[in-house]
Amino acid sequence: MNPIIPLADPLPQPAPAWLLWALLQLTFFLHLLAMNVVLGGSILALHWRASRRADGAEHRAEITRVFAKALPVAIAAAVTLGVAPLLFVQVLYGRLFLTSSVLMAWWWLAVVPLVILAYYGAYALAFRGAALGSWTSRLATAIAVLFAAVAFLYTSNVTRSLRPESFVDAHRADASGLSLNLGDPTLWPRYLHMLLGAVAVAALAVAVLGMLRRARAPELAAWAMRRGTVVFGVATALNIFVGMWFLLAQPRGVLVGLVGGDAWAMTLLAVGILLGIATGGFALLALGAKDPVRATKAQVGILLPTLAVMVLLRDQVRQLVLRRAGFEHPSWVEPQWGPVVVFLALLIGGIVTIAWMARALARGKATGGGGVAALLAVALVAGGAGGSARAADDPRVETALSEARVAAQELAALLKGLLMEELAKEGFEGAISVCAKVAQERTAEYRETFKNDIRRVSLRRRNPANEPDAYERAVLEEFDRLPVEKRPKAEHWEVVSQDGQESLRYLKPLVANALCLTCHGTPETIPPDVATALAEHYPDDRGT
C-alpha cells in the first residue's frame, strides 16, 4: 500500500468490485453520449452561427434552431446520466478522486454554478432566442465556453487523481484549493481528445437528424447528412493523431503495458486504433454513397463500438497507472442487492425516457399540449406587417405561445429555404409553383406535426385558402398601421374563448423585401413571363 494514498473508509463496499466496475463503464458510456452532444453540439452550433458562407445558410440556421430547442433536454440528460458514474467513481476510487478534488476545491465547486449558468442560457436560447437579436450569438458563445470550461476542470481533476505521487507536492505548492494540473503532460492531449470526440459525435447526431427528417424536409435532410458526415470525418481523423499524442504522453511504465506488457491492454489499444481508422474511412466512403441513409446508419453502427472501446481503453490506462502506484480496492464487501436492483430498474426507465424524448425532438413532433390549444396564423402581407399582444396569467399560455412561436419561426425558415432553392434552379416561374403547391403541403405537414391550426393568411392573398377570417383581418389591418421599422419584430397573440373552449391565437408577420416584389409588385413592375405564370396558378389573384 502506498502511504501517499489515503486509507480506505472502514465501510464495506455495497457490491462486488467487478459489478461496480461494470456499472461504471456502462453509465459513463451513456453519460459520454449525452455529454458529447451538449459539448460538441455547442461548439458546432457556434461555428455554424458564425459562418458567413452563402451555401447552405438556411439549412445551417435550421439546424442551429433545432439544436437550441433540444439543448435543455440534452443538458438534463447529460447531468442525470452523469450522476451514476460519478458515484461509482467515488465508491471505487474515492480516496484518489476526493484528494484531487480538494486540491482544486474552488475550481471543482465552480462546476455546479457553471453548469447552472449554461443551463439557464440554454433555456433562454431555446425559448427567447428569436427576441434576443444580436445577443443570440453572444449567448451561444457563452454557453459553449462554459461547457468547454467544465470539460477542462473535469479533465484536470481526473488527470490529477491518476497521479497520487503528485498530491503532496501539489499541496505544498498551493494549499488554497486553486491548484490545476497544468504541468501534467497528459492534460492537454486528453482535453483536446475530448473536444474533438464531442464534435465528431455531435456532427453524426446532425446526420442522424437529417435521416429522421428526410420525409418532411428532404433538402435539409440531404444537407444535414452530408455536412454532418464531413465534420464527423474531419474531427475523427484529427482525433487519431491527438489520440497518439495522448498515448505517447503516458508514463513509460503505462506505455510499456499498453504496447507489450499487458495482453488485454494491447488488445484494446489495437482494436481502438483499427476502429478509429475504420470510422474515418467510413465517413470518407459515406460522402460518395448513393444511399446516404444507409451510410449514416453504418457510421452510427461503427461509432458506438468505437466509443465503447475508448471507454474501456481509458479505464485500462487508469488500472495500469494505479497498479504502479500501489492502489488496491478494499476487500470487505457486503452486497446490498435490493438497492442494486432498484438502481438497474430506474436506469433502464431513465434510458428509455431519454431515448423517447430525443426521438421526439429529432422528428420535430410536439410532445404536449398543457390544456390550451395554440391556434396559429402566420400572416403574409406584401409590403410589411406589425402587431400587438395581450397576455393571460396562466402557465399553459406560456407553453402554447412557445409552441406557436417555434412553429412560426420554423415554417417561415423552411418556406424561405424552399423558395430560394427553387429560384436558384428554375427562376421565378419555378418559385411560383413552390408557393402554389409545395408551400401549402409543407404548411399542412406543420399543422399535423404541431397538432394545431397553422396557416398563412394575407389581406392581399393569392390562394383562396389563405383568406383571413374576421379576427385575422382586423389584426392584419393593425399590422399595416404600424411604422415600417416595427413590423419585422411585431407579433399578436391573445387567449380567446369559443363554445366554452379556450385557445391561443397567434399571428406573426412575414415582411416582404425587394425580391418579393418581383411577384407581389405592381402590374407594371412584374415581368411578363412571371405575370403569365401567376395567372396560370392563381386565376383569382389578389396579391399583385
# chains A, B, ... in the order shown; residues from 1 in each chain; ligands from 1

call {"tool": "residues_around", "arguments": {"residues": "region 221-228 of chain A", "least_positions_apart": "2", "cutoff": "10 Å", "atoms": "only C-alpha atoms", "output": "ChimeraX atom specification"}}
result
/A:44,56,59-60,62-63,199-219,230-233,283,286-289,292-293,295-296

call {"tool": "write_last_selection", "arguments": {"atoms": "C-alpha atoms", "output": "mmCIF file, in the first residue's frame"}}
result
data_model
loop_
_atom_site.group_PDB
_atom_site.id
_atom_site.type_symbol
_atom_site.label_atom_id
_atom_site.label_comp_id
_atom_site.auth_asym_id
_atom_site.auth_seq_id
_atom_site.Cartn_x
_atom_site.Cartn_y
_atom_site.Cartn_z
ATOM 1 C CA LEU A 44 -20.563 23.029 -33.753
ATOM 2 C CA GLY A 56 -26.441 26.094 -47.019
ATOM 3 C CA HIS A 59 -30.013 24.770 -43.506
ATOM 4 C CA ARG A 60 -27.382 25.899 -41.003
ATOM 5 C CA GLU A 62 -32.496 25.483 -39.209
ATOM 6 C CA ILE A 63 -30.024 23.061 -37.614
ATOM 7 C CA VAL A 199 -17.587 17.467 -32.054
ATOM 8 C CA ALA A 200 -17.477 14.189 -34.007
ATOM 9 C CA VAL A 201 -20.393 12.685 -32.070
ATOM 10 C CA ALA A 202 -22.440 15.889 -32.350
ATOM 11 C CA ALA A 203 -21.790 16.032 -36.099
ATOM 12 C CA LEU A 204 -23.005 12.459 -36.510
ATOM 13 C CA ALA A 205 -26.079 13.404 -34.458
ATOM 14 C CA VAL A 206 -26.748 16.093 -37.090
ATOM 15 C CA ALA A 207 -26.542 13.427 -39.796
ATOM 16 C CA VAL A 208 -28.992 11.243 -37.837
ATOM 17 C CA LEU A 209 -31.323 14.247 -37.513
ATOM 18 C CA GLY A 210 -31.250 14.611 -41.283
ATOM 19 C CA MET A 211 -32.002 10.918 -41.701
ATOM 20 C CA LEU A 212 -35.063 11.213 -39.433
ATOM 21 C CA ARG A 213 -36.364 14.323 -41.221
ATOM 22 C CA ARG A 214 -35.883 13.166 -44.802
ATOM 23 C CA ALA A 215 -39.641 12.737 -45.364
ATOM 24 C CA ARG A 216 -40.576 16.185 -44.051
ATOM 25 C CA ALA A 217 -37.652 18.225 -45.354
ATOM 26 C CA PRO A 218 -35.639 16.332 -47.987
ATOM 27 C CA GLU A 219 -33.340 19.273 -48.841
ATOM 28 C CA VAL A 230 -17.902 15.786 -43.390
ATOM 29 C CA VAL A 231 -17.422 17.249 -39.908
ATOM 30 C CA PHE A 232 -17.550 13.780 -38.346
ATOM 31 C CA GLY A 233 -14.831 12.535 -40.687
ATOM 32 C CA ALA A 283 -17.042 8.779 -43.169
ATOM 33 C CA ALA A 286 -20.229 7.915 -46.941
ATOM 34 C CA LEU A 287 -19.550 11.161 -48.825
ATOM 35 C CA GLY A 288 -19.824 9.308 -52.135
ATOM 36 C CA ALA A 289 -22.550 6.862 -51.097
ATOM 37 C CA PRO A 292 -26.927 8.488 -47.502
ATOM 38 C CA VAL A 293 -29.404 6.935 -45.062
ATOM 39 C CA ALA A 295 -24.283 5.325 -44.902
ATOM 40 C CA THR A 296 -25.416 7.277 -41.830
#

call {"tool": "residues_around", "arguments": {"residues": "region 46-51 of chain A", "least_positions_apart": "6", "cutoff": "8 Å", "atoms": "only C-alpha atoms", "output": "VMD selection string"}}
result
chain A and resid 60 to 61 64 137 140 to 141 144

call {"tool": "residues_around", "arguments": {"residues": "Asp315 (chain A)", "least_positions_apart": "3", "cutoff": "10 Å", "atoms": "only C-alpha atoms", "output": "PyMOL selection string"}}
result
chain A and resi 21+24-25+265+309-312+318-321

call {"tool": "select_by_dssp", "arguments": {"residues": "region 95-213 of chain A", "states": "helix (DSSP H, G or I)", "output": "PyMOL selection string"}}
result
chain A and resi 95-103+105-109+111-132+135-161+164-173+187-212

call {"tool": "write_last_selection", "arguments": {"atoms": "C-alpha atoms", "output": "tab-separated table (two decimals), in the first residue's frame"}}
result
chain	number	residue	atom	x	y	z
A	95	ARG	CA	-9.71	8.13	-1.97
A	96	LEU	CA	-7.94	9.44	-5.07
A	97	PHE	CA	-10.74	11.45	-6.63
A	98	LEU	CA	-11.60	13.23	-3.37
A	99	THR	CA	-7.97	14.18	-2.81
A	100	SER	CA	-7.59	15.62	-6.32
A	101	SER	CA	-10.91	17.45	-5.86
A	102	VAL	CA	-9.71	19.03	-2.60
A	103	LEU	CA	-6.51	20.24	-4.26
A	105	ALA	CA	-11.56	22.69	-4.44
A	106	TRP	CA	-12.69	26.14	-5.58
A	107	TRP	CA	-12.45	25.21	-9.23
A	108	TRP	CA	-14.30	21.94	-8.63
A	109	LEU	CA	-17.07	23.65	-6.66
A	111	VAL	CA	-18.55	23.33	-11.84
A	112	VAL	CA	-22.07	23.42	-10.37
A	113	PRO	CA	-22.73	27.17	-10.90
A	114	LEU	CA	-21.08	27.00	-14.33
A	115	VAL	CA	-23.45	24.21	-15.41
A	116	ILE	CA	-26.43	26.08	-13.93
A	117	LEU	CA	-25.49	29.25	-15.83
A	118	ALA	CA	-25.14	27.28	-19.05
A	119	TYR	CA	-28.49	25.58	-18.35
A	120	TYR	CA	-30.29	28.90	-17.88
A	121	GLY	CA	-28.57	30.22	-21.00
A	122	ALA	CA	-29.78	27.17	-22.93
A	123	TYR	CA	-33.37	27.83	-21.84
A	124	ALA	CA	-33.08	31.48	-22.87
A	125	LEU	CA	-31.70	30.39	-26.25
A	126	ALA	CA	-34.48	27.84	-26.73
A	127	PHE	CA	-37.47	29.99	-25.74
A	128	ARG	CA	-36.26	33.58	-26.16
A	129	GLY	CA	-33.68	33.23	-28.91
A	130	ALA	CA	-35.79	34.97	-31.55
A	131	ALA	CA	-36.26	38.00	-29.31
A	132	LEU	CA	-32.59	38.37	-28.33
A	135	TRP	CA	-27.35	38.80	-28.27
A	136	THR	CA	-28.25	35.32	-29.55
A	137	SER	CA	-24.73	34.69	-30.88
A	138	ARG	CA	-23.17	36.08	-27.71
A	139	LEU	CA	-25.30	33.80	-25.58
A	140	ALA	CA	-24.43	30.79	-27.75
A	141	THR	CA	-20.75	31.68	-27.36
A	142	ALA	CA	-21.09	31.92	-23.58
A	143	ILE	CA	-22.81	28.51	-23.42
A	144	ALA	CA	-20.07	26.83	-25.49
A	145	VAL	CA	-17.32	28.48	-23.40
A	146	LEU	CA	-18.98	27.42	-20.14
A	147	PHE	CA	-19.25	23.78	-21.20
A	148	ALA	CA	-15.68	23.79	-22.53
A	149	ALA	CA	-14.55	25.18	-19.14
A	150	VAL	CA	-16.44	22.46	-17.26
A	151	ALA	CA	-14.82	19.82	-19.50
A	152	PHE	CA	-11.39	21.28	-18.76
A	153	LEU	CA	-11.96	21.25	-15.00
A	154	TYR	CA	-13.15	17.65	-15.20
A	155	THR	CA	-10.03	16.70	-17.21
A	156	SER	CA	-7.75	18.46	-14.73
A	157	ASN	CA	-9.35	16.60	-11.82
A	158	VAL	CA	-9.21	13.18	-13.47
A	159	THR	CA	-5.59	13.50	-14.59
A	160	ARG	CA	-4.57	14.65	-11.09
A	161	SER	CA	-6.40	11.71	-9.46
A	164	PRO	CA	-1.15	10.22	-6.40
A	165	GLU	CA	2.61	10.75	-6.25
A	166	SER	CA	1.97	14.43	-7.08
A	167	PHE	CA	-0.54	15.05	-4.24
A	168	VAL	CA	1.96	16.18	-1.62
A	169	ASP	CA	3.97	18.44	-3.93
A	170	ALA	CA	0.78	20.00	-5.30
A	171	HIS	CA	-0.48	20.74	-1.80
A	172	ARG	CA	2.85	22.24	-0.75
A	173	ALA	CA	2.91	24.40	-3.87
A	187	LEU	CA	-3.73	17.02	-19.59
A	188	TRP	CA	-3.84	18.86	-22.91
A	189	PRO	CA	-3.95	15.83	-25.26
A	190	ARG	CA	-6.68	14.29	-23.11
A	191	TYR	CA	-8.69	17.54	-23.13
A	192	LEU	CA	-8.28	18.04	-26.88
A	193	HIS	CA	-9.17	14.38	-27.45
A	194	MET	CA	-12.40	15.00	-25.52
A	195	LEU	CA	-13.29	18.16	-27.51
A	196	LEU	CA	-12.69	16.57	-30.91
A	197	GLY	CA	-14.58	13.43	-29.92
A	198	ALA	CA	-17.50	15.54	-28.77
A	199	VAL	CA	-17.59	17.47	-32.05
A	200	ALA	CA	-17.48	14.19	-34.01
A	201	VAL	CA	-20.39	12.68	-32.07
A	202	ALA	CA	-22.44	15.89	-32.35
A	203	ALA	CA	-21.79	16.03	-36.10
A	204	LEU	CA	-23.01	12.46	-36.51
A	205	ALA	CA	-26.08	13.40	-34.46
A	206	VAL	CA	-26.75	16.09	-37.09
A	207	ALA	CA	-26.54	13.43	-39.80
A	208	VAL	CA	-28.99	11.24	-37.84
A	209	LEU	CA	-31.32	14.25	-37.51
A	210	GLY	CA	-31.25	14.61	-41.28
A	211	MET	CA	-32.00	10.92	-41.70
A	212	LEU	CA	-35.06	11.21	-39.43

call {"tool": "atom_distance", "arguments": {"atom1": "CA of Thr279 (chain A)", "atom2": "CA of Met266 (chain A)"}}
result
19.7 Å

call {"tool": "closest_atom_pairs", "arguments": {"of": "region 62-116 of chain A", "to": "region 331-349 of chain A", "cutoff": "12 Å", "atoms": "only C-alpha atoms", "output": "tab-separated table"}}
result
residue	atom	partner	partner_atom	distance
A:Ala77	CA	A:Leu347	CA	12.0
A:Thr80	CA	A:Leu347	CA	10.1
A:Leu81	CA	A:Leu347	CA	8.7
A:Gly82	CA	A:Leu347	CA	11.7
A:Val83	CA	A:Leu347	CA	11.2
A:Ala84	CA	A:Leu347	CA	9.1
A:Pro85	CA	A:Leu347	CA	11.7
A:Val91	CA	A:Val333	CA	11.8
A:Leu92	CA	A:Ser331	CA	11.5

call {"tool": "write_last_selection", "arguments": {"atoms": "N, CA and C atoms", "output": "PDB file, in the first residue's frame"}}
result
ATOM      1  N   ALA A  77     -30.205  15.425 -19.740  1.00  0.00           N
ATOM      2  CA  ALA A  77     -29.799  14.028 -19.902  1.00  0.00           C
ATOM      3  C   ALA A  77     -28.345  13.833 -19.500  1.00  0.00           C
ATOM      4  N   THR A  80     -28.125  14.108 -15.635  1.00  0.00           N
ATOM      5  CA  THR A  80     -28.761  12.954 -14.998  1.00  0.00           C
ATOM      6  C   THR A  80     -27.922  11.692 -15.172  1.00  0.00           C
ATOM      7  N   LEU A  81     -27.442  11.468 -16.397  1.00  0.00           N
ATOM      8  CA  LEU A  81     -26.642  10.278 -16.665  1.00  0.00           C
ATOM      9  C   LEU A  81     -25.225  10.403 -16.104  1.00  0.00           C
ATOM     10  N   GLY A  82     -24.829  11.604 -15.687  1.00  0.00           N
ATOM     11  CA  GLY A  82     -23.501  11.782 -15.127  1.00  0.00           C
ATOM     12  C   GLY A  82     -23.431  11.517 -13.634  1.00  0.00           C
ATOM     13  N   VAL A  83     -24.572  11.486 -12.970  1.00  0.00           N
ATOM     14  CA  VAL A  83     -24.574  11.279 -11.519  1.00  0.00           C
ATOM     15  C   VAL A  83     -24.087   9.877 -11.170  1.00  0.00           C
ATOM     16  N   ALA A  84     -24.616   8.870 -11.875  1.00  0.00           N
ATOM     17  CA  ALA A  84     -24.275   7.480 -11.544  1.00  0.00           C
ATOM     18  C   ALA A  84     -22.782   7.188 -11.706  1.00  0.00           C
ATOM     19  N   PRO A  85     -22.146   7.506 -12.848  1.00  0.00           N
ATOM     20  CA  PRO A  85     -20.712   7.205 -12.940  1.00  0.00           C
ATOM     21  C   PRO A  85     -19.882   7.969 -11.916  1.00  0.00           C
ATOM     22  N   VAL A  91     -17.121   5.448  -5.124  1.00  0.00           N
ATOM     23  CA  VAL A  91     -17.067   4.170  -4.390  1.00  0.00           C
ATOM     24  C   VAL A  91     -15.759   3.437  -4.666  1.00  0.00           C
ATOM     25  N   LEU A  92     -15.359   3.403  -5.943  1.00  0.00           N
ATOM     26  CA  LEU A  92     -14.189   2.612  -6.325  1.00  0.00           C
ATOM     27  C   LEU A  92     -12.868   3.363  -6.134  1.00  0.00           C
TER      28      LEU A  92
END

call {"tool": "residues_around", "arguments": {"residues": "Leu268 (chain A)", "least_positions_apart": "5", "cutoff": "12 Å", "atoms": "only C-alpha atoms", "output": "mmCIF file with all heavy atoms, in the first residue's frame"}}
result
data_model
loop_
_atom_site.group_PDB
_atom_site.id
_atom_site.type_symbol
_atom_site.label_atom_id
_atom_site.label_comp_id
_atom_site.auth_asym_id
_atom_site.auth_seq_id
_atom_site.Cartn_x
_atom_site.Cartn_y
_atom_site.Cartn_z
ATOM 1 N N GLY A 257 3.062 -1.124 -20.724
ATOM 2 C CA GLY A 257 1.936 -2.019 -20.501
ATOM 3 C C GLY A 257 0.952 -2.013 -21.645
ATOM 4 O O GLY A 257 0.377 -3.049 -22.008
ATOM 5 N N LEU A 258 0.779 -0.854 -22.288
ATOM 6 C CA LEU A 258 -0.183 -0.745 -23.389
ATOM 7 C C LEU A 258 0.334 -1.394 -24.674
ATOM 8 O O LEU A 258 -0.459 -1.922 -25.462
ATOM 9 C CB LEU A 258 -0.506 0.724 -23.647
ATOM 10 C CG LEU A 258 -1.402 1.424 -22.617
ATOM 11 C CD1 LEU A 258 -1.448 2.920 -22.868
ATOM 12 C CD2 LEU A 258 -2.825 0.841 -22.652
ATOM 13 N N VAL A 259 1.621 -1.328 -24.900
ATOM 14 C CA VAL A 259 2.144 -1.812 -26.187
ATOM 15 C C VAL A 259 2.862 -3.155 -26.079
ATOM 16 O O VAL A 259 3.314 -3.682 -27.107
ATOM 17 C CB VAL A 259 3.113 -0.769 -26.802
ATOM 18 C CG1 VAL A 259 2.403 0.533 -27.064
ATOM 19 C CG2 VAL A 259 4.328 -0.548 -25.903
ATOM 20 N N GLY A 260 2.977 -3.717 -24.857
ATOM 21 C CA GLY A 260 3.651 -5.000 -24.831
ATOM 22 C C GLY A 260 3.629 -5.733 -23.514
ATOM 23 O O GLY A 260 4.048 -6.893 -23.463
ATOM 24 N N ASP A 262 0.820 -5.995 -21.268
ATOM 25 C CA ASP A 262 -0.484 -6.446 -20.783
ATOM 26 C C ASP A 262 -1.328 -6.844 -21.995
ATOM 27 O O ASP A 262 -1.628 -6.016 -22.859
ATOM 28 C CB ASP A 262 -1.167 -5.326 -19.998
ATOM 29 C CG ASP A 262 -2.446 -5.792 -19.319
ATOM 30 O OD1 ASP A 262 -3.401 -6.150 -20.044
ATOM 31 O OD2 ASP A 262 -2.511 -5.764 -18.070
ATOM 32 N N ALA A 263 -1.706 -8.126 -22.067
ATOM 33 C CA ALA A 263 -2.405 -8.637 -23.253
ATOM 34 C C ALA A 263 -3.747 -7.926 -23.467
ATOM 35 O O ALA A 263 -4.101 -7.557 -24.601
ATOM 36 C CB ALA A 263 -2.608 -10.147 -23.122
ATOM 37 N N ILE A 273 -7.385 1.550 -32.194
ATOM 38 C CA ILE A 273 -6.748 2.195 -33.347
ATOM 39 C C ILE A 273 -7.427 1.771 -34.642
ATOM 40 O O ILE A 273 -7.714 2.594 -35.527
ATOM 41 C CB ILE A 273 -5.246 1.856 -33.378
ATOM 42 C CG1 ILE A 273 -4.542 2.507 -32.180
ATOM 43 C CG2 ILE A 273 -4.612 2.326 -34.679
ATOM 44 C CD1 ILE A 273 -3.086 2.118 -32.049
ATOM 45 N N LEU A 274 -7.699 0.473 -34.789
ATOM 46 C CA LEU A 274 -8.353 -0.020 -36.001
ATOM 47 C C LEU A 274 -9.749 0.577 -36.170
ATOM 48 O O LEU A 274 -10.135 0.983 -37.273
ATOM 49 C CB LEU A 274 -8.427 -1.548 -35.970
ATOM 50 C CG LEU A 274 -7.087 -2.287 -36.117
ATOM 51 C CD1 LEU A 274 -7.289 -3.786 -35.942
ATOM 52 C CD2 LEU A 274 -6.473 -1.987 -37.481
ATOM 53 N N LEU A 275 -10.509 0.644 -35.078
ATOM 54 C CA LEU A 275 -11.851 1.219 -35.163
ATOM 55 C C LEU A 275 -11.798 2.707 -35.480
ATOM 56 O O LEU A 275 -12.635 3.223 -36.230
ATOM 57 C CB LEU A 275 -12.600 0.992 -33.852
ATOM 58 C CG LEU A 275 -13.146 -0.409 -33.617
ATOM 59 C CD1 LEU A 275 -13.758 -0.521 -32.220
ATOM 60 C CD2 LEU A 275 -14.207 -0.756 -34.667
ATOM 61 N N GLY A 276 -10.813 3.422 -34.910
ATOM 62 C CA GLY A 276 -10.673 4.838 -35.219
ATOM 63 C C GLY A 276 -10.400 5.063 -36.694
ATOM 64 O O GLY A 276 -11.010 5.935 -37.335
ATOM 65 N N PRO A 305 -19.466 1.060 -31.056
ATOM 66 C CA PRO A 305 -18.403 0.187 -30.517
ATOM 67 C C PRO A 305 -17.070 0.922 -30.364
ATOM 68 O O PRO A 305 -16.279 0.580 -29.467
ATOM 69 C CB PRO A 305 -18.297 -0.945 -31.546
ATOM 70 C CG PRO A 305 -18.947 -0.438 -32.772
ATOM 71 C CD PRO A 305 -19.996 0.522 -32.328
ATOM 72 N N THR A 306 -16.822 1.920 -31.214
ATOM 73 C CA THR A 306 -15.589 2.697 -31.063
ATOM 74 C C THR A 306 -15.579 3.434 -29.733
ATOM 75 O O THR A 306 -14.571 3.435 -29.011
ATOM 76 C CB THR A 306 -15.446 3.702 -32.222
ATOM 77 O OG1 THR A 306 -15.429 2.999 -33.465
ATOM 78 C CG2 THR A 306 -14.150 4.493 -32.087
ATOM 79 N N LEU A 307 -16.701 4.073 -29.391
ATOM 80 C CA LEU A 307 -16.793 4.768 -28.107
ATOM 81 C C LEU A 307 -16.665 3.785 -26.943
ATOM 82 O O LEU A 307 -16.021 4.088 -25.930
ATOM 83 C CB LEU A 307 -18.120 5.520 -28.016
ATOM 84 C CG LEU A 307 -18.266 6.771 -28.894
ATOM 85 C CD1 LEU A 307 -19.662 7.358 -28.744
ATOM 86 C CD2 LEU A 307 -17.220 7.813 -28.533
ATOM 87 N N ALA A 308 -17.283 2.617 -27.090
ATOM 88 C CA ALA A 308 -17.202 1.616 -26.025
ATOM 89 C C ALA A 308 -15.754 1.180 -25.794
ATOM 90 O O ALA A 308 -15.297 1.056 -24.647
ATOM 91 C CB ALA A 308 -18.076 0.408 -26.371
ATOM 92 N N VAL A 309 -15.014 0.960 -26.874
ATOM 93 C CA VAL A 309 -13.610 0.558 -26.741
ATOM 94 C C VAL A 309 -12.795 1.695 -26.130
ATOM 95 O O VAL A 309 -11.899 1.457 -25.306
ATOM 96 C CB VAL A 309 -13.042 0.142 -28.116
ATOM 97 C CG1 VAL A 309 -11.528 -0.034 -28.043
ATOM 98 C CG2 VAL A 309 -13.694 -1.154 -28.579
ATOM 99 N N MET A 310 -13.103 2.940 -26.528
ATOM 100 C CA MET A 310 -12.381 4.071 -25.950
ATOM 101 C C MET A 310 -12.608 4.169 -24.437
ATOM 102 O O MET A 310 -11.687 4.476 -23.671
ATOM 103 C CB MET A 310 -12.843 5.367 -26.624
ATOM 104 C CG MET A 310 -12.396 5.543 -28.064
ATOM 105 S SD MET A 310 -10.590 5.599 -28.241
ATOM 106 C CE MET A 310 -10.314 4.088 -29.166
ATOM 107 N N VAL A 311 -13.843 3.914 -24.011
ATOM 108 C CA VAL A 311 -14.148 3.935 -22.574
ATOM 109 C C VAL A 311 -13.339 2.860 -21.856
ATOM 110 O O VAL A 311 -12.731 3.111 -20.802
ATOM 111 C CB VAL A 311 -15.663 3.734 -22.345
ATOM 112 C CG1 VAL A 311 -15.955 3.469 -20.868
ATOM 113 C CG2 VAL A 311 -16.442 4.958 -22.816
ATOM 114 N N LEU A 312 -13.307 1.656 -22.420
ATOM 115 C CA LEU A 312 -12.553 0.560 -21.795
ATOM 116 C C LEU A 312 -11.050 0.816 -21.823
ATOM 117 O O LEU A 312 -10.327 0.468 -20.882
ATOM 118 C CB LEU A 312 -12.879 -0.755 -22.504
ATOM 119 C CG LEU A 312 -14.316 -1.272 -22.343
ATOM 120 C CD1 LEU A 312 -14.532 -2.498 -23.219
ATOM 121 C CD2 LEU A 312 -14.605 -1.596 -20.888
ATOM 122 N N LEU A 313 -10.574 1.438 -22.898
ATOM 123 C CA LEU A 313 -9.142 1.716 -23.014
ATOM 124 C C LEU A 313 -8.714 2.755 -21.990
ATOM 125 O O LEU A 313 -7.648 2.624 -21.361
ATOM 126 C CB LEU A 313 -8.820 2.185 -24.431
ATOM 127 C CG LEU A 313 -7.337 2.393 -24.761
ATOM 128 C CD1 LEU A 313 -6.546 1.118 -24.513
ATOM 129 C CD2 LEU A 313 -7.184 2.847 -26.208
ATOM 130 N N ARG A 314 -9.516 3.782 -21.788
ATOM 131 C CA ARG A 314 -9.190 4.780 -20.762
ATOM 132 C C ARG A 314 -9.197 4.143 -19.372
ATOM 133 O O ARG A 314 -8.362 4.479 -18.526
ATOM 134 C CB ARG A 314 -10.183 5.943 -20.825
ATOM 135 C CG ARG A 314 -9.979 6.854 -22.013
ATOM 136 C CD ARG A 314 -10.687 8.166 -21.821
ATOM 137 N NE ARG A 314 -10.450 9.055 -22.948
ATOM 138 C CZ ARG A 314 -10.731 10.351 -22.936
ATOM 139 N NH1 ARG A 314 -11.258 10.894 -21.858
ATOM 140 N NH2 ARG A 314 -10.489 11.106 -23.990
ATOM 141 N N ASP A 315 -10.142 3.239 -19.155
ATOM 142 C CA ASP A 315 -10.158 2.547 -17.869
ATOM 143 C C ASP A 315 -8.906 1.696 -17.697
ATOM 144 O O ASP A 315 -8.360 1.611 -16.596
ATOM 145 C CB ASP A 315 -11.404 1.672 -17.767
ATOM 146 C CG ASP A 315 -11.422 0.848 -16.493
ATOM 147 O OD1 ASP A 315 -11.726 1.415 -15.425
ATOM 148 O OD2 ASP A 315 -11.109 -0.358 -16.560
ATOM 149 N N GLN A 316 -8.458 1.098 -18.791
ATOM 150 C CA GLN A 316 -7.255 0.271 -18.696
ATOM 151 C C GLN A 316 -6.028 1.123 -18.376
ATOM 152 O O GLN A 316 -5.139 0.695 -17.621
ATOM 153 C CB GLN A 316 -7.039 -0.496 -20.012
ATOM 154 C CG GLN A 316 -5.993 -1.581 -19.930
ATOM 155 C CD GLN A 316 -6.343 -2.655 -18.898
ATOM 156 O OE1 GLN A 316 -7.513 -2.916 -18.645
ATOM 157 N NE2 GLN A 316 -5.328 -3.266 -18.310
ATOM 158 N N VAL A 317 -5.978 2.326 -18.952
ATOM 159 C CA VAL A 317 -4.892 3.246 -18.609
ATOM 160 C C VAL A 317 -4.930 3.550 -17.112
ATOM 161 O O VAL A 317 -3.892 3.560 -16.430
ATOM 162 C CB VAL A 317 -5.000 4.545 -19.437
ATOM 163 C CG1 VAL A 317 -4.034 5.613 -18.907
ATOM 164 C CG2 VAL A 317 -4.712 4.271 -20.906
#

call {"tool": "atom_distance", "arguments": {"atom1": "CA of Val79 (chain A)", "atom2": "CA of Leu303 (chain A)"}}
result
22.1 Å

call {"tool": "closest_residue", "arguments": {"among": "A:Ala404, A:Val434, A:Ala439, A:Ala412", "to": "Leu507 (chain A)", "atoms": "only C-alpha atoms"}}
result
A:Ala404

call {"tool": "atom_distance", "arguments": {"atom1": "CA of Arg455 (chain A)", "atom2": "CA of Ala408 (chain A)"}}
result
9.4 Å

call {"tool": "select_by_dssp", "arguments": {"residues": "region 383-543 of chain A", "states": "strand (DSSP E or B)", "output": "list in words"}}
result
Ala389, Ile454, Arg455, Arg456, Val457, His492, Trp493, Glu494, Val495, Val496, Ser497, Gln498, Gln501, Glu502, Ser503, Leu504, Arg505, Tyr506, Leu507, Lys508, Pro509, Leu510 and Val511 of chain A

call {"tool": "residues_around", "arguments": {"residues": "Glu472 (chain A)", "least_positions_apart": "4", "cutoff": "8 Å", "atoms": "only C-alpha atoms", "output": "ChimeraX atom specification"}}
result
/A:377,457,468,476,507

call {"tool": "closest_residue", "arguments": {"among": "A:Ala15, A:Leu7, A:Ile75, A:Ala70", "to": "Asn36 (chain A)", "atoms": "only C-alpha atoms"}}
result
A:Ile75

call {"tool": "closest_residue", "arguments": {"among": "A:Val38, A:Glu421, A:His329, A:Ala298", "to": "Asp9 (chain A)", "atoms": "only C-alpha atoms"}}
result
A:His329

call {"tool": "closest_residue", "arguments": {"among": "A:Trp493, A:Asn463, A:Thr544, A:Ile454", "to": "Val475 (chain A)", "atoms": "only C-alpha atoms"}}
result
A:Trp493
